[in-house]
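**Student:** Got structure08.tsv for you, TSV, C-alpha atoms:
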chain	number	residue	atom	x	y	z
A	226	MET	CA	230.57	103.29	263.79
A	227	TRP	CA	229.93	100.08	265.69
A	228	LEU	CA	228.04	100.47	268.95
A	229	ARG	CA	230.24	100.48	272.07
A	230	PHE	CA	228.76	99.87	275.49
A	231	TYR	CA	229.97	101.92	278.42
A	232	ILE	CA	228.76	102.47	281.98
A	233	ASP	CA	229.33	105.89	283.50
A	234	CYS	CA	230.07	105.05	287.09
A	235	ARG	CA	229.65	108.67	288.18
A	236	CYS	CA	225.88	108.47	287.74
A	237	SER	CA	223.67	107.89	290.75
A	238	LYS	CA	221.85	104.87	289.31
A	239	ALA	CA	222.52	101.75	291.34
A	240	MET	CA	224.41	98.97	289.60
A	241	ASN	CA	221.89	96.26	290.37
A	242	PHE	CA	223.28	92.85	289.44
A	243	ASN	CA	220.11	91.97	287.52
A	244	GLU	CA	220.20	95.24	285.60
A	245	TRP	CA	223.76	94.96	284.40
A	246	LYS	CA	224.07	94.39	280.66
A	247	PHE	CA	225.72	91.15	279.62
A	248	VAL	CA	224.94	89.36	282.87
A	249	ASP	CA	223.79	86.44	280.69
A	250	VAL	CA	227.38	86.06	279.51
A	251	TYR	CA	228.48	85.64	283.11
A	252	LYS	CA	225.73	83.06	283.72
A	253	GLU	CA	226.73	81.22	280.56
A	254	LYS	CA	230.35	80.90	281.60
A	255	ILE	CA	229.61	78.98	284.78
A	256	ASN	CA	228.49	76.12	282.52
A	257	GLU	CA	231.67	74.27	281.58
A	258	GLU	CA	231.80	72.29	278.34
A	259	PHE	CA	233.94	69.17	278.15
A	260	TYR	CA	235.08	66.77	275.47
A	261	ASP	CA	236.43	63.33	276.38
A	262	PRO	CA	238.86	62.53	273.51
A	263	ILE	CA	239.13	58.86	274.52
A	264	ASN	CA	235.41	58.06	274.67
A	265	ARG	CA	234.54	60.89	272.25
A	266	VAL	CA	231.78	62.10	274.50
A	267	GLU	CA	230.76	65.73	275.02
A	268	SER	CA	229.22	66.95	278.25
A	269	LEU	CA	228.06	70.17	279.89
A	270	ARG	CA	228.41	70.71	283.63
A	271	ALA	CA	226.68	73.52	285.49
A	272	ASN	CA	228.26	74.80	288.68
A	273	GLY	CA	226.32	77.44	290.63
A	274	GLU	CA	229.45	78.63	292.39
A	275	GLY	CA	231.53	78.62	289.20
A	276	MET	CA	233.42	81.91	288.80
A	277	LEU	CA	232.04	82.87	292.26
A	278	PHE	CA	228.66	83.33	290.57
A	279	ASP	CA	226.43	82.64	293.58
A	280	SER	CA	228.47	84.77	295.99
A	281	VAL	CA	228.90	87.67	293.58
A	282	SER	CA	225.23	87.70	292.63
A	283	ARG	CA	224.15	87.80	296.29
A	284	ILE	CA	226.60	90.59	297.08
A	285	MET	CA	225.62	92.66	294.04
A	286	ARG	CA	221.93	92.44	294.93
A	287	ALA	CA	222.74	93.53	298.48
A	288	VAL	CA	224.85	96.43	297.19
A	289	SER	CA	221.93	97.51	295.02
A	290	VAL	CA	219.68	97.61	298.11
A	291	VAL	CA	222.28	99.66	299.99
A	292	GLU	CA	222.54	102.18	297.15
A	293	LYS	CA	218.81	102.57	296.67
A	294	THR	CA	217.98	103.11	300.33
A	295	SER	CA	218.96	105.58	303.03
A	296	GLY	CA	219.16	105.27	306.78
A	297	ASP	CA	218.70	102.05	308.72
A	298	ILE	CA	217.45	99.02	306.81
A	299	PHE	CA	216.96	96.77	309.83
A	300	ARG	CA	214.17	98.06	312.06
A	301	VAL	CA	212.73	97.03	315.40
A	302	GLU	CA	209.34	96.63	313.69
A	303	SER	CA	210.70	93.46	312.07
A	304	LEU	CA	210.85	91.84	315.52
A	305	LYS	CA	207.61	90.17	316.51
A	306	LEU	CA	206.37	88.70	319.79
A	307	ARG	CA	207.89	85.38	320.93
A	308	GLY	CA	211.09	86.20	319.06
A	309	GLU	CA	209.65	85.64	315.62
A	310	MET	CA	210.75	87.89	312.77
A	311	ALA	CA	208.99	89.31	309.76
A	312	LEU	CA	211.91	90.46	307.63
A	313	SER	CA	211.45	92.71	304.60
A	314	LYS	CA	212.76	91.88	301.14
A	315	GLU	CA	215.59	94.40	301.63
A	316	GLU	CA	216.56	92.90	304.98
A	317	MET	CA	216.57	89.38	303.55
A	318	CYS	CA	218.74	90.54	300.65
A	319	ILE	CA	221.40	91.87	303.03
A	320	ILE	CA	221.24	88.74	305.19
A	321	SER	CA	221.65	86.55	302.11
A	322	ALA	CA	224.95	88.30	301.32
A	323	VAL	CA	226.11	88.31	304.95
A	324	THR	CA	225.67	84.53	305.23
A	325	ILE	CA	227.96	83.68	302.32
A	326	ASN	CA	230.72	81.21	303.18
A	327	TYR	CA	233.45	83.85	303.34
A	328	VAL	CA	236.18	81.33	304.13
A	329	GLU	CA	235.54	79.70	300.76
A	330	PHE	CA	235.07	83.11	299.16
A	331	GLU	CA	238.53	84.20	300.33
A	332	ARG	CA	240.05	81.10	298.78
A	333	GLY	CA	238.27	81.93	295.53
A	334	MET	CA	239.63	85.47	295.52
A	335	VAL	CA	243.13	84.07	295.09
A	336	LEU	CA	241.98	82.81	291.68
A	337	PHE	CA	239.59	85.60	290.72
A	338	LYS	CA	239.61	89.35	290.47
A	339	VAL	CA	236.23	90.77	291.56
A	340	ASN	CA	234.72	94.15	290.75
A	341	PRO	CA	235.16	97.02	293.25
A	342	TYR	CA	231.58	96.77	294.55
A	343	VAL	CA	232.14	93.18	295.63
A	344	ARG	CA	235.53	93.97	297.13
A	345	ALA	CA	234.12	96.95	299.10
A	346	PHE	CA	231.32	94.79	300.50
A	347	TYR	CA	233.79	92.07	301.44
A	348	GLU	CA	236.18	94.50	303.15
A	349	CYS	CA	233.36	95.98	305.22
A	350	TYR	CA	232.27	92.48	306.19
A	351	ARG	CA	235.78	91.59	307.35
A	352	SER	CA	235.96	94.78	309.38
A	353	ILE	CA	232.56	94.58	311.12
A	354	LYS	CA	231.66	90.85	310.98
A	355	PRO	CA	227.88	91.39	311.27
A	356	SER	CA	225.83	88.56	312.76
A	357	CYS	CA	222.92	86.80	311.09
A	358	PRO	CA	219.66	87.38	313.01
A	359	GLN	CA	218.58	83.82	312.25
A	360	ARG	CA	221.58	82.49	314.17
A	361	VAL	CA	221.35	84.42	317.45
A	362	GLU	CA	219.15	84.20	320.52
A	363	GLY	CA	216.00	86.32	320.67
A	364	SER	CA	217.47	88.56	323.35
A	365	GLU	CA	220.43	89.31	321.09
A	366	LEU	CA	218.35	90.41	318.10
A	367	PRO	CA	218.27	94.16	318.87
A	368	GLU	CA	222.07	94.30	319.08
A	369	CYS	CA	222.32	92.09	315.98
A	370	PHE	CA	220.14	94.58	314.06
A	371	ARG	CA	222.29	97.50	315.23
A	372	GLY	CA	225.38	95.66	314.00
A	373	LEU	CA	223.79	95.04	310.61
A	374	ASN	CA	222.84	98.70	310.32
A	375	ARG	CA	226.42	99.71	311.14
A	376	PHE	CA	227.58	97.34	308.42
A	377	VAL	CA	225.12	98.76	305.87
A	378	ALA	CA	226.22	102.31	306.77
A	379	ALA	CA	229.88	101.35	306.30
A	380	VAL	CA	229.20	99.84	302.86
A	381	ARG	CA	227.13	102.88	301.86
A	382	GLU	CA	229.87	105.27	302.96
A	383	GLN	CA	232.57	103.39	301.10
A	384	ILE	CA	230.73	103.02	297.76
A	385	SER	CA	229.61	106.67	297.79
A	386	SER	CA	233.12	108.05	298.28
A	387	GLY	CA	234.92	109.88	295.53
A	388	ALA	CA	237.85	107.46	295.70
A	389	PHE	CA	235.55	104.48	295.15
A	390	LYS	CA	233.79	106.12	292.20
A	391	ARG	CA	237.13	106.84	290.57
A	392	GLU	CA	238.19	103.23	291.17
A	393	MET	CA	234.95	101.90	289.70
A	394	SER	CA	235.22	104.18	286.67
A	395	ALA	CA	238.77	102.96	286.00
A	396	TYR	CA	237.69	99.34	286.45
A	397	MET	CA	234.87	99.68	283.93
A	398	ARG	CA	237.12	101.42	281.40
A	399	ALA	CA	239.54	98.51	281.65
A	400	ALA	CA	236.72	95.96	281.31
A	401	ASN	CA	235.40	97.71	278.21
A	402	LYS	CA	238.82	98.21	276.65
A	403	ASN	CA	239.20	94.56	275.66
A	404	TYR	CA	235.79	94.44	273.99
A	405	SER	CA	236.30	97.73	272.15
A	406	GLY	CA	239.76	96.64	271.04
A	407	LEU	CA	238.45	93.28	269.83
A	408	LEU	CA	235.77	94.98	267.70
A	409	ASP	CA	238.41	97.23	266.12
A	410	TYR	CA	240.56	94.17	265.49
A	411	ILE	CA	237.72	92.31	263.75
A	412	ASP	CA	236.95	95.39	261.63
A	413	ALA	CA	240.62	95.64	260.61
A	414	LEU	CA	240.73	91.98	259.59
A	415	PHE	CA	237.62	92.29	257.41
A	416	ALA	CA	239.02	95.47	255.88
A	417	ARG	CA	241.96	93.37	254.75
A	418	TYR	CA	240.24	90.06	253.92
A	419	SER	CA	236.85	89.80	252.27
A	420	ARG	CA	236.18	86.37	253.80
A	421	LEU	CA	237.34	84.89	257.06
A	422	LEU	CA	237.02	81.35	258.36
A	423	VAL	CA	236.41	81.86	262.09
A	424	LEU	CA	237.23	79.06	264.54
A	425	ARG	CA	236.49	78.93	268.26
A	426	VAL	CA	238.24	76.30	270.30
A	427	ASP	CA	238.41	75.98	274.09
A	428	PHE	CA	241.61	74.53	275.51
A	429	SER	CA	241.90	73.11	279.01
A	430	TYR	CA	243.54	70.36	281.02
A	431	GLY	CA	242.27	67.01	282.25
A	432	LYS	CA	240.77	66.94	285.73
A	433	GLY	CA	243.53	66.80	288.34
A	434	LYS	CA	246.31	67.65	285.86
A	435	LEU	CA	246.81	71.21	287.14
A	436	GLU	CA	245.06	71.18	290.52
A	437	ILE	CA	244.77	74.28	292.70
A	438	GLU	CA	241.45	73.65	294.45
A	439	ASP	CA	243.13	71.03	296.66
A	440	TYR	CA	245.00	73.77	298.51
A	441	SER	CA	242.85	75.27	301.26
A	442	ARG	CA	245.16	78.03	302.51
A	443	PRO	CA	245.18	81.15	300.28
A	444	GLY	CA	248.98	81.40	300.53
A	445	ASP	CA	249.43	77.82	299.33
A	446	ARG	CA	246.99	78.45	296.49
A	447	LEU	CA	248.95	81.50	295.41
A	448	ASP	CA	252.21	79.51	295.34
A	449	ALA	CA	250.52	76.80	293.26
A	450	LEU	CA	249.02	79.44	290.97
A	451	ARG	CA	252.47	80.86	290.19
A	452	ILE	CA	253.72	77.42	289.12
A	453	VAL	CA	250.61	76.74	287.03
A	454	ALA	CA	250.65	80.22	285.46
A	455	GLU	CA	254.14	79.75	284.06
A	456	ARG	CA	253.12	76.48	282.43
A	457	ILE	CA	249.83	77.61	280.87
A	458	VAL	CA	251.38	80.80	279.48
A	459	ARG	CA	254.13	78.74	277.86
A	460	HIS	CA	251.57	76.38	276.32
A	461	ARG	CA	249.58	79.23	274.82
A	462	ILE	CA	252.71	80.82	273.32
A	463	GLU	CA	253.78	77.47	271.85
A	464	LEU	CA	250.37	76.88	270.28
A	465	ILE	CA	250.17	80.28	268.63
A	466	ASP	CA	253.78	80.06	267.45
A	467	TYR	CA	253.00	76.66	265.89
A	468	LEU	CA	250.01	78.05	263.98
A	469	LYS	CA	251.83	81.20	262.85
A	470	ASN	CA	255.17	79.76	261.83
A	471	LYS	CA	254.67	76.05	261.12
A	472	CYS	CA	251.20	75.87	259.58
A	473	SER	CA	251.29	78.42	256.79
A	474	GLU	CA	248.85	76.26	254.79
A	475	LEU	CA	246.12	77.10	257.32
A	476	GLY	CA	246.33	80.78	256.45
A	477	MET	CA	245.88	82.08	260.01
A	478	VAL	CA	245.70	85.86	259.83
A	479	GLY	CA	244.52	86.65	263.35
A	480	TYR	CA	243.71	85.26	266.76
A	481	VAL	CA	242.34	86.24	270.15
A	482	TRP	CA	242.62	84.44	273.48
A	483	LYS	CA	241.02	84.72	276.91
A	484	LEU	CA	242.21	82.87	279.99
A	485	GLU	CA	239.62	81.86	282.58
A	486	TYR	CA	239.30	79.60	285.57
A	487	GLY	CA	236.52	77.13	286.36
A	488	ARG	CA	236.09	74.85	289.34
A	489	GLU	CA	235.70	71.80	287.11
A	490	LYS	CA	238.03	72.67	284.21
A	491	GLY	CA	240.62	74.64	286.13
A	492	HIS	CA	242.51	77.13	283.97
A	493	HIS	CA	241.36	77.13	280.36
A	494	TYR	CA	241.61	79.27	277.26
A	495	HIS	CA	238.81	80.45	275.05
A	496	MET	CA	240.48	81.08	271.68
A	497	MET	CA	239.25	82.40	268.38
A	498	PHE	CA	241.27	81.98	265.19
A	499	PHE	CA	240.76	83.93	261.96
A	500	LEU	CA	241.88	82.18	258.76
A	501	ASP	CA	241.97	83.57	255.22
A	502	GLY	CA	238.66	82.36	253.75
A	503	ALA	CA	240.06	82.59	250.23
A	504	LYS	CA	242.59	79.86	251.06
A	505	VAL	CA	240.91	77.39	253.41
A	506	ARG	CA	237.56	75.82	254.25
A	507	GLN	CA	236.49	72.90	256.48
A	508	ASP	CA	236.44	74.80	259.76
A	509	ILE	CA	235.46	71.73	261.82
A	510	VAL	CA	238.36	69.67	260.48
A	511	ILE	CA	240.88	72.46	261.04
A	512	ALA	CA	239.63	73.17	264.56
A	513	LYS	CA	239.94	69.47	265.36
A	514	ARG	CA	243.49	69.42	264.01
A	515	ILE	CA	244.43	72.36	266.26
A	516	GLY	CA	242.76	70.72	269.25
A	517	GLU	CA	244.58	67.43	268.70
A	518	HIS	CA	247.89	69.28	268.51
A	519	TRP	CA	247.10	70.90	271.87
A	520	ASN	CA	246.24	67.53	273.39
A	521	ASN	CA	249.05	65.43	272.02
A	522	VAL	CA	251.97	67.79	271.47
A	523	ILE	CA	251.65	71.02	273.44
A	524	THR	CA	250.41	69.45	276.69
A	525	GLN	CA	251.84	65.96	276.01
A	526	GLY	CA	248.55	64.19	276.69
A	527	LYS	CA	247.38	66.34	279.61
A	528	GLY	CA	245.19	68.64	277.55
A	529	VAL	CA	241.52	68.62	276.60
A	530	TYR	CA	239.84	70.72	273.91
A	531	TYR	CA	236.31	71.60	272.83
A	532	ASN	CA	235.58	72.26	269.16
A	533	CYS	CA	232.83	74.91	269.13
A	534	ASN	CA	232.68	74.84	265.31
A	535	GLY	CA	231.61	71.22	265.47
A	536	ASN	CA	228.49	72.23	267.41
A	537	LYS	CA	227.20	75.28	265.53
A	538	ASP	CA	223.59	74.12	265.84
A	539	ARG	CA	223.57	74.59	269.61
A	540	TYR	CA	224.33	78.31	269.25
A	541	ARG	CA	221.31	80.51	268.62
A	542	HIS	CA	223.61	83.23	267.26
A	543	CYS	CA	226.49	81.48	265.53
A	544	GLY	CA	229.53	83.70	265.18
A	545	VAL	CA	231.90	81.10	263.76
A	546	GLY	CA	232.47	79.41	260.41
A	547	MET	CA	232.88	81.13	257.04
A	548	ILE	CA	231.92	84.80	257.22
A	549	SER	CA	232.07	87.34	254.39
A	550	TYR	CA	232.51	91.06	255.00
A	551	ASN	CA	228.97	91.80	253.72
A	552	GLU	CA	227.08	89.10	255.67
A	553	THR	CA	225.42	91.41	258.17
A	554	GLU	CA	223.74	88.77	260.31
A	555	LYS	CA	226.86	86.62	260.70
A	556	LEU	CA	228.99	89.67	261.44
A	557	SER	CA	226.50	90.76	264.05
A	558	SER	CA	226.68	87.34	265.74
A	559	LEU	CA	230.48	87.47	265.67
A	560	LYS	CA	230.71	90.96	267.14
A	561	GLU	CA	227.69	91.10	269.41
A	562	LYS	CA	227.72	87.52	270.69
A	563	ALA	CA	231.02	85.71	270.25
A	564	ALA	CA	233.17	88.78	270.99
A	565	ILE	CA	231.08	89.70	274.03
A	566	TYR	CA	231.43	86.15	275.34
A	567	LEU	CA	235.21	86.51	275.26
A	568	THR	CA	235.37	89.82	277.10
A	569	LYS	CA	232.28	90.96	278.97
A	570	ALA	CA	232.20	88.67	282.00
A	571	ASP	CA	235.11	90.76	283.30
A	572	ARG	CA	232.53	93.28	284.49
A	573	TYR	CA	231.86	90.87	287.34
A	574	VAL	CA	234.75	88.46	287.74
A	575	SER	CA	237.92	87.69	285.83
A	576	ALA	CA	240.67	85.14	286.30
A	577	CYS	CA	243.46	86.41	288.52
A	578	MET	CA	247.02	85.80	287.41
A	579	PRO	CA	250.08	86.48	289.59
A	580	ASP	CA	252.62	89.17	288.77
A	581	ASN	CA	250.13	91.05	286.54
A	582	LYS	CA	250.24	88.44	283.81
A	583	ARG	CA	247.63	89.09	281.13
A	584	THR	CA	244.39	87.15	280.82
A	585	PHE	CA	243.43	88.52	277.38
A	586	GLY	CA	245.33	89.08	274.15
A	587	LYS	CA	245.04	89.26	270.38
A	588	GLY	CA	247.19	89.46	267.29
A	589	ASN	CA	248.35	92.64	265.58
A	590	SER	CA	245.92	94.36	263.23
A	591	PRO	CA	246.90	94.27	259.54
A	592	LYS	CA	247.69	97.59	257.92
A	593	VAL	CA	245.00	99.04	255.68
A	594	SER	CA	247.52	99.23	252.83
A	595	GLU	CA	247.88	95.43	253.01
A	596	ARG	CA	244.40	94.82	251.62
A	597	SER	CA	244.43	91.96	249.15
A	598	VAL	CA	244.12	92.63	245.44
A	599	GLY	CA	240.84	91.53	243.86
A	600	ARG	CA	237.43	92.63	242.68
A	601	PRO	CA	236.41	95.94	244.29
A	602	ARG	CA	233.85	95.53	247.05
A	603	THR	CA	230.29	96.63	246.53
A	604	HIS	CA	228.53	98.42	249.41
As structure tokens, what does this structure read like?
**Tutor:**
Amino acid sequence: MWLRFYIDCRCSKAMNFNEWKFVDVYKEKINEEFYDPINRVESLRANGEGMLFDSVSRIMRAVSVVEKTSGDIFRVESLKLRGEMALSKEEMCIISAVTINYVEFERGMVLFKVNPYVRAFYECYRSIKPSCPQRVEGSELPECFRGLNRFVAAVREQISSGAFKREMSAYMRAANKNYSGLLDYIDALFARYSRLLVLRVDFSYGKGKLEIEDYSRPGDRLDALRIVAERIVRHRIELIDYLKNKCSELGMVGYVWKLEYGREKGHHYHMMFFLDGAKVRQDIVIAKRIGEHWNNVITQGKGVYYNCNGNKDRYRHCGVGMISYNETEKLSSLKEKAAIYLTKADRYVSACMPDNKRTFGKGNSPKVSERSVGRPRTH
């Protein structure tokens, strides 16, 4: 039985951001890969606030401090003569989260769904509006500290409630469901086909083609998101329909897709395609063909794609290319690396789509009775 990862949110252990498994996947996704089809140039852009990474990381570290401590965190002892302060690591951690640009954060929350810890912290901030001790007069520091302690107490009360723990447990079950389902799907495909040619292609749009960041008011962003959502969903359906019904020679037997949002790339799909390895080879050529169809036909020149198969050497654990059912190392890379990349960042942040539109999907698993005829497998 393949290993599944779960977090029991009823336990008392704090969910420190640095201790969460798969945080590296979240860090990886803020780096956006691009391919310029005109100049044929690839580039990688890092954005510290991509997928709300900086804000979420600061809040999660602060939440960890709140969970691991009791009573007041901000103490009078931190106030020195002449108004100088000697703040503890815990106090600085809370202040770091309090001084986030929450106006920009609110705009981001139109485009992203954050985990319940982050939302609880944000709601308490909106309710109490604690001040930063580094931005008030010396005479105001005692009251500032009292306000921060009230804020910490409010966060602690909310995240220790039974309702919150039930919400967090449900959230984590949903975040794990996609990964667990994807592993079952991969197992079902290899039970049917002894060899699969695995492609990974990222599909996006040219800068400024589907722009939402230009809208500053959350309401305007939401209206723009509804218009964009209808278009990108239609494009994904058209692409998969093309591969399933008009490209039988490619032998596509499965697929998985994940919709995400990046500040530079806007909305984009991470897609994985599974082709019958007994019928096709040349994964780089096929992935390029699919990408060009996205660029030129599906999006009518507005699209951009990135062929991950064409850059296998840059992946330490390559989970794409030709994989046989008995190649343990390649299967491990596919299931423990590539599959995690598609699903696990949802533990922190996921793209938010209006009207409960999905951000993850996959094909139907083949029936076990459909296994192809051939030489019996050796185990």
**Student:** Do you have the CA of Asn374 in chain A-CA of Asp297 in chain A distance handy?
**Tutor:** 5.6 Å
**Student:** Neighbours of Arg420 in chain A within 8 Å (only C-alpha atoms; same-chain residues fewer than 6 positions away dropped), as a list of chain:residue names?
**Tutor:**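 Everything that qualifies: A:Asp501, A:Gly502, A:Ala503, A:Met547, A:Ile548, A:Ser549, A:Tyr550.
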**Student:** Find the residues with any atom within 6 Å of (234.8, 100.1, 292.3); use only C-alpha atoms and the coordinates as given in the file, and write the answer as a VMD selection string.
**Tutor:** chain A and resid 341 to 342 389 392 to 393
**Student:** Which is closest to Lys338 in chain A among A:Arg514, A:Lys592, A:Arg360, A:Arg572, if we use all atoms listed in the file?
**Tutor:** A:Arg572
**Student:** For Asn532 in chain A, work out the shell of residues within 8 Å, counting only C-alpha atoms and skipping chain neighbours fewer than 3 positions away, then give it as a list in words.
**Tutor:** Arg425, Val426, Asp427, Ile509, Ala512, Lys513, Gly516, Gly535 and Asn536 of chain A
**Student:** Of the candidates A:Tyr480, A:Ile325, A:Ser386, A:Ala400, which one gets nearest to Leu414 in chain A if we count all atoms listed in the file?
**Tutor:**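 Of the candidates, the smallest distance to Leu414 in chain A is held by A:Tyr480.
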**Student:** Work out how far apart CA of Lys560 in chain A and CA of Leu407 in chain A are and give it in Å to one decimal.
**Tutor:**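 Between these atoms lies a distance of 8.5 Å.
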**Student:** Given only C-alpha atoms, how would the per-residue table for range 435-533 of chain A near range 270-294 of chain A read, listing every residue at most 8 Å away with its closest atom pair and distance in Å to one decimal, sorted by chain and number, as a Markdown table?
**Tutor:**
| residue | atom | partner | partner_atom | distance |
| --- | --- | --- | --- | --- |
| A:Tyr486 | CA | A:Met276 | CA | 7.1 |
| A:Gly487 | CA | A:Gly275 | CA | 5.9 |
| A:Arg488 | CA | A:Gly275 | CA | 5.9 |
**Student:** Write a file of the just-selected residues containing C-alpha atoms, as an mmCIF file, in the coordinates of the input.
**Tutor:**
data_model
loop_
_atom_site.group_PDB
_atom_site.id
_atom_site.type_symbol
_atom_site.label_atom_id
_atom_site.label_comp_id
_atom_site.auth_asym_id
_atom_site.auth_seq_id
_atom_site.Cartn_x
_atom_site.Cartn_y
_atom_site.Cartn_z
ATOM 1 C CA TYR A 486 239.300 79.600 285.570
ATOM 2 C CA GLY A 487 236.520 77.130 286.360
ATOM 3 C CA ARG A 488 236.090 74.850 289.340
#
**Student:** State, in Å with one decimal place, the distance from CA of Pro443 in chain A to CA of Arg332 in chain A.
**Tutor:**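 Value for the CA of Pro443 in chain A-CA of Arg332 in chain A distance: 5.3 Å.
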**Student:** Please provide the set of residues having any atom within 12 Å of Pro367 in chain A, restricted to only C-alpha atoms, with same-chain residues fewer than 6 positions apart removed, written as a compact mmCIF listing (two decimals) with C-alpha atoms, keeping the file's coordinate frame.
**Tutor:**
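What landed in selection.txt:
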# COMPACT_ATOMS: atom_id res chain seq x y z
CA PHE A 299 216.96 96.77 309.83
CA ARG A 300 214.17 98.06 312.06
CA VAL A 301 212.73 97.03 315.40
CA GLU A 302 209.34 96.63 313.69
CA SER A 303 210.70 93.46 312.07
CA LEU A 304 210.85 91.84 315.52
CA LYS A 305 207.61 90.17 316.51
CA GLY A 308 211.09 86.20 319.06
CA MET A 310 210.75 87.89 312.77
CA SER A 356 225.83 88.56 312.76
CA CYS A 357 222.92 86.80 311.09
CA PRO A 358 219.66 87.38 313.01
CA VAL A 361 221.35 84.42 317.45
CA LEU A 373 223.79 95.04 310.61
CA ASN A 374 222.84 98.70 310.32
**Student:** Counting only C-alpha atoms, which residue out of A:Ile320, A:Lys402, A:Cys577, A:Ser429 sits closest to Cys369 in chain A?
**Tutor:**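 Checking each candidate against Cys369 in chain A, we get A:Ile320 as the closest.
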**Student:** Residues at most 10 Å from Glu455 in chain A, counting only C-alpha atoms, excluding those fewer than 6 positions away in the same chain, as a PyMOL selection string?
**Tutor:** chain A and resi 578-579+582
**Student:** With distances taken over only C-alpha atoms, which of A:Lys390, A:Arg381, A:Lys469, A:Arg456 is nearest to Lys527 in chain A?
**Tutor:**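 Checking each of A:Lys390, A:Arg381, A:Lys469, A:Arg456 against Lys527 in chain A, counting only C-alpha atoms, the winner is A:Arg456.
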**Student:** Counting all atoms listed in the file, figure out which residue out of A:Arg459, A:Lys490, A:Lys254, A:His495 gets nearest to Lys587 in chain A.
**Tutor:**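 Checking each candidate against Lys587 in chain A, we get A:His495 as the closest.
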**Student:** Kindly add N, CA and C atoms to the incomplete range 570-582 of chain A and provide the output as a PDB file, in the frame of the given file.
**Tutor:**
ATOM      1  N   ALA A 570     232.367  89.169 280.633  1.00  0.00           N
ATOM      2  CA  ALA A 570     232.200  88.670 282.000  1.00  0.00           C
ATOM      3  C   ALA A 570     233.135  89.371 282.972  1.00  0.00           C
ATOM      4  N   ASP A 571     234.167  90.050 282.457  1.00  0.00           N
ATOM      5  CA  ASP A 571     235.110  90.760 283.300  1.00  0.00           C
ATOM      6  C   ASP A 571     234.442  91.880 284.104  1.00  0.00           C
ATOM      7  N   ARG A 572     233.242  92.277 283.718  1.00  0.00           N
ATOM      8  CA  ARG A 572     232.530  93.280 284.490  1.00  0.00           C
ATOM      9  C   ARG A 572     232.234  92.760 285.899  1.00  0.00           C
ATOM     10  N   TYR A 573     232.184  91.471 286.053  1.00  0.00           N
ATOM     11  CA  TYR A 573     231.860  90.870 287.340  1.00  0.00           C
ATOM     12  C   TYR A 573     233.080  90.216 287.966  1.00  0.00           C
ATOM     13  N   VAL A 574     233.662  89.278 287.224  1.00  0.00           N
ATOM     14  CA  VAL A 574     234.750  88.460 287.740  1.00  0.00           C
ATOM     15  C   VAL A 574     235.693  88.136 286.588  1.00  0.00           C
ATOM     16  N   SER A 575     236.967  88.146 286.845  1.00  0.00           N
ATOM     17  CA  SER A 575     237.920  87.690 285.830  1.00  0.00           C
ATOM     18  C   SER A 575     238.979  86.843 286.517  1.00  0.00           C
ATOM     19  N   ALA A 576     239.608  85.976 285.742  1.00  0.00           N
ATOM     20  CA  ALA A 576     240.670  85.140 286.300  1.00  0.00           C
ATOM     21  C   ALA A 576     241.794  86.025 286.807  1.00  0.00           C
ATOM     22  N   CYS A 577     242.377  85.640 287.911  1.00  0.00           N
ATOM     23  CA  CYS A 577     243.460  86.410 288.520  1.00  0.00           C
ATOM     24  C   CYS A 577     244.774  85.691 288.274  1.00  0.00           C
ATOM     25  N   MET A 578     245.717  86.388 287.671  1.00  0.00           N
ATOM     26  CA  MET A 578     247.020  85.800 287.410  1.00  0.00           C
ATOM     27  C   MET A 578     248.082  86.542 288.229  1.00  0.00           C
ATOM     28  N   PRO A 579     249.048  85.818 288.781  1.00  0.00           N
ATOM     29  CA  PRO A 579     250.080  86.480 289.590  1.00  0.00           C
ATOM     30  C   PRO A 579     250.994  87.341 288.737  1.00  0.00           C
ATOM     31  N   ASP A 580     251.608  88.319 289.408  1.00  0.00           N
ATOM     32  CA  ASP A 580     252.620  89.170 288.770  1.00  0.00           C
ATOM     33  C   ASP A 580     252.075  89.915 287.560  1.00  0.00           C
ATOM     34  N   ASN A 581     250.776  90.243 287.596  1.00  0.00           N
ATOM     35  CA  ASN A 581     250.130  91.050 286.540  1.00  0.00           C
ATOM     36  C   ASN A 581     250.217  90.424 285.156  1.00  0.00           C
ATOM     37  N   LYS A 582     250.267  89.106 285.110  1.00  0.00           N
ATOM     38  CA  LYS A 582     250.240  88.440 283.810  1.00  0.00           C
ATOM     39  C   LYS A 582     248.870  88.665 283.168  1.00  0.00           C
TER      40      LYS A 582
END
